[in-house]
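J.: Sharing model.txt here; it has compact mmCIF, C-alpha atoms.
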# COMPACT_ATOMS: atom_id res chain seq x y z
CA MET A 1 -32.26 -17.25 2.40
CA ALA A 2 -33.69 -15.41 5.38
CA ARG A 3 -33.12 -11.74 5.99
CA HIS A 4 -30.93 -11.13 9.01
CA GLY A 5 -29.35 -8.34 10.95
CA GLY A 6 -30.11 -4.64 10.94
CA ARG A 7 -28.34 -1.37 10.57
CA GLY A 8 -26.64 -1.97 13.95
CA TRP A 9 -23.10 -0.64 14.18
CA TYR A 10 -23.33 0.60 10.61
CA GLY A 11 -25.96 3.20 11.47
CA LYS A 12 -23.30 5.75 12.28
CA LEU A 13 -21.78 5.24 8.83
CA VAL A 14 -24.92 5.86 6.79
CA GLY A 15 -24.88 9.63 6.95
CA ALA A 16 -21.25 9.86 5.96
CA ALA A 17 -21.56 7.17 3.31
CA LEU A 18 -24.42 8.94 1.60
CA GLY A 19 -22.05 11.79 0.93
CA VAL A 20 -19.38 9.61 -0.59
CA THR A 21 -18.71 10.54 -4.17
CA ILE A 22 -15.80 8.94 -5.92
CA LEU A 23 -14.89 10.55 -9.21
CA ALA A 24 -13.48 8.58 -12.12
CA THR A 25 -11.68 10.14 -15.03
CA GLY A 26 -12.21 8.42 -18.35
CA ALA A 27 -12.59 4.67 -18.68
CA SER A 28 -10.68 2.55 -16.19
CA VAL A 29 -9.23 -0.80 -17.08
CA TRP A 30 -9.48 -3.15 -14.13
CA THR A 31 -8.11 -6.65 -13.70
CA ALA A 32 -10.71 -9.17 -12.50
CA GLN A 33 -9.72 -12.03 -10.22
CA ALA A 34 -10.91 -14.51 -12.79
CA GLY A 35 -8.87 -12.94 -15.58
CA THR A 36 -9.63 -10.47 -18.34
CA ALA A 37 -13.35 -10.14 -19.01
CA GLY A 38 -15.40 -9.03 -22.00
CA HIS A 39 -17.22 -5.78 -22.77
CA ALA A 40 -20.31 -4.18 -21.32
CA SER A 41 -21.63 -0.90 -19.98
CA PRO A 42 -23.85 -0.48 -16.95
CA ARG A 43 -27.33 0.98 -17.29
CA ALA A 44 -27.75 2.72 -13.99
CA ASN A 45 -28.48 6.02 -12.30
CA GLY A 46 -25.36 5.71 -10.15
CA SER A 47 -21.94 7.29 -10.40
CA ALA A 48 -20.02 4.49 -12.11
CA THR A 49 -18.15 5.16 -15.30
CA PRO A 50 -18.60 2.40 -17.89
CA ASP A 51 -15.59 0.07 -18.00
CA MET A 52 -14.46 -1.64 -21.15
CA ASP A 53 -13.65 -4.94 -19.42
CA VAL A 54 -16.84 -5.71 -17.51
CA LYS A 55 -18.56 -8.91 -18.59
CA PRO A 56 -22.17 -9.18 -17.41
CA VAL A 57 -23.21 -12.24 -15.44
CA ALA A 58 -26.59 -13.77 -14.64
CA ASP A 59 -28.75 -11.64 -12.34
CA THR A 60 -30.22 -14.60 -10.47
CA ILE A 61 -29.05 -15.14 -6.89
CA THR A 62 -26.36 -17.81 -6.75
CA HIS A 63 -25.96 -20.34 -3.94
CA ALA A 64 -24.26 -23.30 -5.63
CA SER A 65 -20.60 -24.18 -5.21
CA ASP A 66 -18.10 -24.57 -8.02
CA ALA A 67 -16.57 -27.40 -5.94
CA GLY A 68 -19.37 -29.79 -6.89
CA THR A 69 -21.93 -31.81 -4.97
CA HIS A 70 -19.86 -31.95 -1.78
CA GLY A 71 -18.66 -28.37 -2.10
CA VAL A 72 -18.94 -25.76 0.62
CA ASN A 73 -18.66 -22.00 0.17
CA ILE A 74 -17.34 -20.04 3.14
CA THR A 75 -18.50 -16.43 2.95
CA ILE A 76 -17.35 -13.73 5.38
CA ASP A 77 -19.37 -10.53 5.70
CA ASP A 78 -19.07 -6.92 6.86
CA GLY A 79 -15.30 -6.38 7.07
CA PRO A 80 -12.52 -5.99 6.70
CA ASP A 81 -11.77 -5.40 10.36
CA PRO A 82 -8.23 -4.90 11.73
CA VAL A 83 -8.80 -7.21 14.70
CA TRP A 84 -10.84 -10.08 13.25
CA THR A 85 -10.04 -10.28 9.54
CA PRO A 86 -6.36 -11.21 10.13
CA GLN A 87 -7.47 -14.01 12.46
CA VAL A 88 -9.92 -15.32 9.87
CA LEU A 89 -7.19 -15.21 7.24
CA ASP A 90 -4.81 -17.13 9.52
CA LEU A 91 -7.38 -19.89 10.04
CA LEU A 92 -8.21 -20.15 6.35
CA ARG A 93 -4.51 -20.43 5.54
CA GLU A 94 -3.97 -23.04 8.26
CA PHE A 95 -6.66 -25.31 6.84
CA GLY A 96 -6.06 -24.54 3.16
CA VAL A 97 -9.50 -22.98 2.62
CA LYS A 98 -10.47 -20.23 0.20
CA ALA A 99 -13.39 -17.95 1.02
CA THR A 100 -15.43 -15.07 -0.36
CA PHE A 101 -15.20 -11.82 1.59
CA CYS A 102 -18.28 -9.60 1.29
CA MET A 103 -16.89 -6.19 2.15
CA VAL A 104 -18.60 -2.98 3.19
CA GLY A 105 -17.27 -0.09 1.12
CA THR A 106 -16.35 2.18 4.00
CA GLN A 107 -14.52 -0.67 5.74
CA ALA A 108 -12.54 -1.48 2.60
CA GLN A 109 -11.67 2.17 2.16
CA ALA A 110 -10.48 2.38 5.78
CA HIS A 111 -8.37 -0.80 5.62
CA PRO A 112 -6.91 -1.20 2.12
CA ASP A 113 -4.00 -3.23 3.48
CA LEU A 114 -6.43 -5.93 4.60
CA VAL A 115 -8.25 -5.93 1.27
CA LYS A 116 -4.93 -6.52 -0.46
CA LYS A 117 -4.09 -9.34 1.96
CA VAL A 118 -7.41 -11.03 1.22
CA VAL A 119 -6.70 -10.88 -2.51
CA ALA A 120 -3.07 -11.98 -2.14
CA ALA A 121 -4.23 -15.08 -0.24
CA GLY A 122 -6.38 -16.15 -3.18
CA HIS A 123 -9.78 -15.28 -1.76
CA ARG A 124 -12.54 -13.53 -3.71
CA LEU A 125 -14.15 -10.15 -3.15
CA CYS A 126 -17.84 -9.34 -2.90
CA ASP A 127 -19.57 -5.93 -2.85
CA HIS A 128 -21.70 -5.63 0.31
CA SER A 129 -22.79 -1.99 -0.27
CA VAL A 130 -21.37 1.24 1.11
CA SER A 131 -23.14 1.40 4.46
CA HIS A 132 -24.92 -1.93 5.07
CA ASN A 133 -28.44 -0.53 5.03
CA THR A 134 -30.70 -3.57 5.33
CA SER A 135 -33.67 -1.49 4.17
CA MET A 136 -32.16 -0.47 0.86
CA ASP A 137 -34.69 -2.59 -1.02
CA LYS A 138 -37.25 0.01 0.05
CA ALA A 139 -35.11 2.90 -1.15
CA SER A 140 -35.00 4.57 -4.56
CA GLN A 141 -33.12 3.13 -7.49
CA ALA A 142 -30.74 6.09 -7.30
CA TYR A 143 -29.89 5.19 -3.70
CA GLN A 144 -29.44 1.50 -4.52
CA SER A 145 -27.19 2.44 -7.41
CA GLN A 146 -25.06 4.72 -5.23
CA GLN A 147 -24.68 2.03 -2.57
CA ILE A 148 -23.67 -0.68 -5.04
CA LEU A 149 -21.51 1.28 -7.46
CA ASP A 150 -19.66 3.41 -4.92
CA ALA A 151 -18.88 0.29 -2.86
CA GLU A 152 -17.66 -1.48 -5.99
CA ARG A 153 -15.27 1.37 -6.70
CA MET A 154 -14.12 1.69 -3.09
CA ILE A 155 -13.33 -2.03 -2.87
CA THR A 156 -11.58 -2.03 -6.24
CA GLN A 157 -9.44 0.95 -5.33
CA ALA A 158 -8.58 -0.53 -1.92
CA SER A 159 -7.56 -3.83 -3.51
CA GLY A 160 -5.23 -2.16 -5.97
CA GLY A 161 -7.42 -2.91 -8.98
CA VAL A 162 -9.09 -6.24 -8.27
CA ARG A 163 -12.83 -6.01 -8.75
CA PRO A 164 -15.49 -7.71 -6.61
CA MET A 165 -16.95 -10.75 -8.34
CA TYR A 166 -20.23 -10.85 -6.40
CA TYR A 167 -22.81 -8.55 -4.84
CA ARG A 168 -24.54 -9.49 -1.59
CA ALA A 169 -27.37 -7.20 -0.52
CA PRO A 170 -27.26 -6.24 3.17
CA GLY A 171 -29.62 -8.54 5.01
CA GLY A 172 -30.61 -10.11 1.70
CA ALA A 173 -32.40 -6.90 0.66
CA PHE A 174 -32.19 -7.57 -3.08
CA THR A 175 -34.47 -5.99 -5.65
CA PRO A 176 -34.80 -6.83 -9.35
CA TYR A 177 -33.08 -3.51 -10.06
CA SER A 178 -30.15 -4.12 -7.70
CA ARG A 179 -29.63 -7.62 -9.06
CA GLN A 180 -29.66 -6.39 -12.65
CA LEU A 181 -27.33 -3.51 -11.87
CA ALA A 182 -24.82 -5.71 -10.06
CA ALA A 183 -24.93 -8.30 -12.83
CA SER A 184 -24.32 -5.63 -15.45
CA ARG A 185 -21.13 -4.78 -13.54
CA GLY A 186 -19.99 -8.43 -13.59
CA MET A 187 -21.00 -9.07 -9.97
CA ARG A 188 -23.19 -12.16 -9.52
CA PRO A 189 -25.85 -11.65 -6.84
CA LEU A 190 -24.83 -13.85 -3.91
CA GLY A 191 -27.16 -15.39 -1.36
CA TRP A 192 -26.61 -17.90 1.41
CA ASN A 193 -28.10 -21.22 2.49
CA VAL A 194 -26.78 -21.40 6.03
CA ASP A 195 -26.91 -18.40 8.36
CA SER A 196 -24.55 -19.34 11.18
CA LYS A 197 -26.19 -16.68 13.39
CA ASP A 198 -22.71 -15.71 14.55
CA PHE A 199 -23.69 -12.04 14.30
CA GLU A 200 -25.88 -12.55 17.37
CA ARG A 201 -22.98 -14.08 19.35
CA PRO A 202 -25.03 -17.01 20.69
CA GLY A 203 -21.94 -18.96 21.75
CA THR A 204 -19.45 -21.04 19.79
CA ASN A 205 -21.30 -24.30 20.40
CA VAL A 206 -24.54 -22.83 19.06
CA ILE A 207 -22.82 -21.48 15.94
CA VAL A 208 -21.24 -24.86 15.22
CA ALA A 209 -24.50 -26.70 15.84
CA THR A 210 -26.42 -24.31 13.58
CA VAL A 211 -24.03 -24.88 10.68
CA GLU A 212 -24.09 -28.65 11.17
CA ARG A 213 -27.88 -28.68 11.25
CA GLU A 214 -28.47 -26.34 8.32
CA LEU A 215 -25.75 -27.45 5.91
CA PRO A 216 -28.02 -29.96 4.11
CA SER A 217 -29.99 -26.89 2.97
CA GLY A 218 -27.16 -25.87 0.65
CA PRO A 219 -23.45 -25.11 0.41
CA THR A 220 -23.09 -21.38 1.08
CA ILE A 221 -22.41 -20.53 4.74
CA LEU A 222 -22.58 -17.00 6.17
CA PHE A 223 -20.10 -15.79 8.80
CA HIS A 224 -18.95 -12.31 9.87
CA ASP A 225 -15.55 -10.75 10.51
CA ALA A 226 -16.77 -7.33 11.71
CA GLY A 227 -19.61 -5.65 13.55
CA GLY A 228 -18.44 -6.45 17.05
CA ASN A 229 -16.51 -9.10 18.94
CA ARG A 230 -16.05 -12.05 16.55
CA SER A 231 -14.13 -14.37 18.90
CA GLN A 232 -17.00 -16.88 18.76
CA THR A 233 -16.81 -16.89 14.96
CA ILE A 234 -13.07 -17.53 15.10
CA GLU A 235 -13.50 -20.48 17.44
CA ALA A 236 -16.42 -21.86 15.42
CA LEU A 237 -14.35 -21.76 12.24
CA ARG A 238 -11.46 -23.43 14.06
CA ARG A 239 -13.75 -26.36 14.78
CA LEU A 240 -15.83 -26.41 11.62
CA LEU A 241 -13.15 -26.21 8.94
CA PRO A 242 -11.37 -29.47 9.85
CA GLU A 243 -14.69 -31.13 10.68
CA LEU A 244 -16.13 -30.34 7.26
CA LYS A 245 -12.96 -31.61 5.58
CA ALA A 246 -13.13 -34.84 7.58
CA GLN A 247 -16.71 -35.31 6.39
CA GLY A 248 -15.54 -35.22 2.77
CA HIS A 249 -16.49 -31.66 1.90
CA THR A 250 -14.34 -29.57 -0.40
CA PHE A 251 -14.18 -25.80 -0.28
CA GLY A 252 -14.96 -23.71 -3.31
CA PHE A 253 -16.43 -20.45 -4.49
CA PRO A 254 -20.03 -19.58 -5.36
CA VAL A 255 -20.87 -20.36 -8.97
CA ARG A 256 -20.59 -17.33 -11.19
Can the structure in the file be given as structure tokens, please?
T.:
Amino acid sequence: MARHGGRGWYGKLVGAALGVTILATGASVWTAQAGTAGHASPRANGSATPDMDVKPVADTITHASDAGTHGVNITIDDGPDPVWTPQVLDLLREFGVKATFCMVGTQAQAHPDLVKKVVAAGHRLCDHSVSHNTSMDKASQAYQSQQILDAERMITQASGGVRPMYYRAPGGAFTPYSRQLAASRGMRPLGWNVDSKDFERPGTNVIVATVERELPSGPTILFHDAGGNRSQTIEALRRLLPELKAQGHTFGFPVR
């Protein structure tokens, strides 16, 4: 899993995001996408209030698919975005594919209607931090905690109570601390095997060729639905989804 991207269009969000403080009163009871979970409390320096329904998961980075040996995991990062996320959702519905949406906290907060549409369509949510700082592995534990826990709460509130099931560090900037913290909140650290490079907008043909070439490396494919013009991503998905089905792949979710 190679690190990719940079602060880019998120740079303007960092200052504002650092000031985000979301207050919780008492213990909240949240409904997880996978059903009612067990009991655990986070051990963190962040602002999260312990929830009575959070079941810890493994803190190792997952890549495998729950769809088996021919499974493929479609993961969509950096949204939701009012222009591109609806188009991604339309394509996924057209081809009967479920995906994991790794959402930036400020984007989820700005577009709660889209977060709810993602959930209603049967897709899963993933915490992708508050402000997409790809250098957060070099920051303090307090900063990492704020980025992870505030994003978790922002996404959960935007969804109407559905919690993210995974945590993907921006640019793959995981630390042992961030993995342990996310896992304690029931969010499995999520990596990728195939970076489609769509963020760089190299052209639809290049994106498709990159996925075809790299897929033997593993089942989890990284795409983006925000951060700029994603028309190439849309067209690449339009070609890849039926192609992967024709090759005998099934679409699943990352193993929890």
J.: Give the answer as one residue: which of A:Ser178, A:Val72, A:Gly105, A:Pro189 has the shortest atom-to-atom distance to Leu240 (chain A), using only C-alpha atoms?
T.: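 Of A:Ser178, A:Val72, A:Gly105, A:Pro189, the one nearest Leu240 (chain A) is A:Val72, counting only C-alpha atoms.
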J.: Which residue gives the smallest distance to Leu181 (chain A) among A:Arg213, A:Gln144, A:Ser135, A:Ala120, with all atoms listed in the file counted?
T.: A:Gln144
J.: Of the candidates A:Gln232, A:Gly186, A:Asp81, A:Glu243, which shows the shortest atom-to-atom distance to Asp53 (chain A), using only C-alpha atoms?
T.: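 So, comparing all the options, the nearest one is A:Gly186.
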J.: Quick one: distance from CA of Phe253 (chain A) to CA of Pro82 (chain A) in Å, one decimal?
T.: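 Between these atoms lies a distance of 23.9 Å.
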J.: If we count all atoms listed in the file, what is near region 107-111 of chain A at a cut-off of 8 Å, once residues fewer than 5 positions away on the same chain are taken out, given as a VMD selection string?
T.: chain A and resid 78 to 82 154 to 155 157 to 158
J.: Could you give me, as a list of chain:residue names, the residues within 6 Å of region 56-64 of chain A, counting only C-alpha atoms and dropping anything in the same chain fewer than 6 positions from it?
T.: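 Surrounding residues, per the criterion: A:Arg179, A:Gln180, A:Ala183, A:Ser184, A:Arg185, A:Gly186, A:Arg188, A:Pro189, A:Leu190, A:Gly191, A:Trp192, A:Thr220, A:Pro254, A:Val255.
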J.: Which residues are close to Gly96 (chain A), i.e. within 12 Å by all atoms listed in the file, leaving aside same-chain residues fewer than 3 positions away? Reply as a list of chain:residue names.
T.: A:Leu89, A:Asp90, A:Leu91, A:Leu92, A:Arg93, A:Ala99, A:Ala121, A:Gly122, A:His123, A:Leu241, A:Pro242, A:Lys245, A:Thr250, A:Phe251, A:Gly252
J.: List the spatial neighbours of Ser129 (chain A) as number ranges by chain - criterion: any atom at most 7 Å away, all atoms listed in the file, same-chain residues fewer than 2 positions off excluded.
T.: A: 104-105, 127, 131-132, 147-148, 151, 169
J.: Rebuild region 156-174 of chain A so that it carries N, CA and C atoms, then output the result as an mmCIF file, in the coordinates of the input.
T.:
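What landed in result-v4.cif:
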data_model
loop_
_atom_site.group_PDB
_atom_site.id
_atom_site.type_symbol
_atom_site.label_atom_id
_atom_site.label_comp_id
_atom_site.auth_asym_id
_atom_site.auth_seq_id
_atom_site.Cartn_x
_atom_site.Cartn_y
_atom_site.Cartn_z
ATOM 1 N N THR A 156 -12.554 -1.874 -5.153
ATOM 2 C CA THR A 156 -11.580 -2.030 -6.240
ATOM 3 C C THR A 156 -10.355 -1.163 -6.013
ATOM 4 N N GLN A 157 -10.578 0.065 -5.600
ATOM 5 C CA GLN A 157 -9.440 0.950 -5.330
ATOM 6 C C GLN A 157 -8.625 0.439 -4.150
ATOM 7 N N ALA A 158 -9.293 -0.033 -3.097
ATOM 8 C CA ALA A 158 -8.580 -0.530 -1.920
ATOM 9 C C ALA A 158 -7.749 -1.768 -2.245
ATOM 10 N N SER A 159 -8.248 -2.587 -3.160
ATOM 11 C CA SER A 159 -7.560 -3.830 -3.510
ATOM 12 C C SER A 159 -6.368 -3.614 -4.432
ATOM 13 N N GLY A 160 -6.282 -2.426 -5.002
ATOM 14 C CA GLY A 160 -5.230 -2.160 -5.970
ATOM 15 C C GLY A 160 -5.630 -2.522 -7.388
ATOM 16 N N GLY A 161 -6.936 -2.665 -7.620
ATOM 17 C CA GLY A 161 -7.420 -2.910 -8.980
ATOM 18 C C GLY A 161 -8.178 -4.199 -9.181
ATOM 19 N N VAL A 162 -8.339 -4.997 -8.143
ATOM 20 C CA VAL A 162 -9.090 -6.240 -8.270
ATOM 21 C C VAL A 162 -10.550 -5.974 -7.947
ATOM 22 N N ARG A 163 -11.417 -6.320 -8.880
ATOM 23 C CA ARG A 163 -12.830 -6.010 -8.750
ATOM 24 C C ARG A 163 -13.587 -7.085 -7.967
ATOM 25 N N PRO A 164 -14.636 -6.698 -7.242
ATOM 26 C CA PRO A 164 -15.490 -7.710 -6.610
ATOM 27 C C PRO A 164 -16.214 -8.542 -7.655
ATOM 28 N N MET A 165 -16.337 -9.831 -7.396
ATOM 29 C CA MET A 165 -16.950 -10.750 -8.340
ATOM 30 C C MET A 165 -18.420 -11.037 -8.019
ATOM 31 N N TYR A 166 -18.865 -10.594 -6.835
ATOM 32 C CA TYR A 166 -20.230 -10.850 -6.400
ATOM 33 C C TYR A 166 -20.801 -9.593 -5.758
ATOM 34 N N TYR A 167 -22.126 -9.577 -5.620
ATOM 35 C CA TYR A 167 -22.810 -8.550 -4.840
ATOM 36 C C TYR A 167 -23.766 -9.234 -3.879
ATOM 37 N N ARG A 168 -23.615 -8.964 -2.605
ATOM 38 C CA ARG A 168 -24.540 -9.490 -1.590
ATOM 39 C C ARG A 168 -25.270 -8.303 -0.956
ATOM 40 N N ALA A 169 -26.575 -8.271 -1.109
ATOM 41 C CA ALA A 169 -27.370 -7.200 -0.520
ATOM 42 C C ALA A 169 -27.352 -7.305 0.997
ATOM 43 N N PRO A 170 -27.208 -6.194 1.708
ATOM 44 C CA PRO A 170 -27.260 -6.240 3.170
ATOM 45 C C PRO A 170 -28.556 -6.877 3.656
ATOM 46 N N GLY A 171 -28.433 -7.872 4.492
ATOM 47 C CA GLY A 171 -29.620 -8.540 5.010
ATOM 48 C C GLY A 171 -30.436 -9.264 3.969
ATOM 49 N N GLY A 172 -29.862 -9.467 2.786
ATOM 50 C CA GLY A 172 -30.610 -10.110 1.700
ATOM 51 C C GLY A 172 -31.624 -9.186 1.048
ATOM 52 N N ALA A 173 -31.441 -7.874 1.189
ATOM 53 C CA ALA A 173 -32.400 -6.900 0.660
ATOM 54 C C ALA A 173 -32.177 -6.648 -0.830
ATOM 55 N N PHE A 174 -32.311 -7.690 -1.624
ATOM 56 C CA PHE A 174 -32.190 -7.570 -3.080
ATOM 57 C C PHE A 174 -33.471 -6.993 -3.672
#
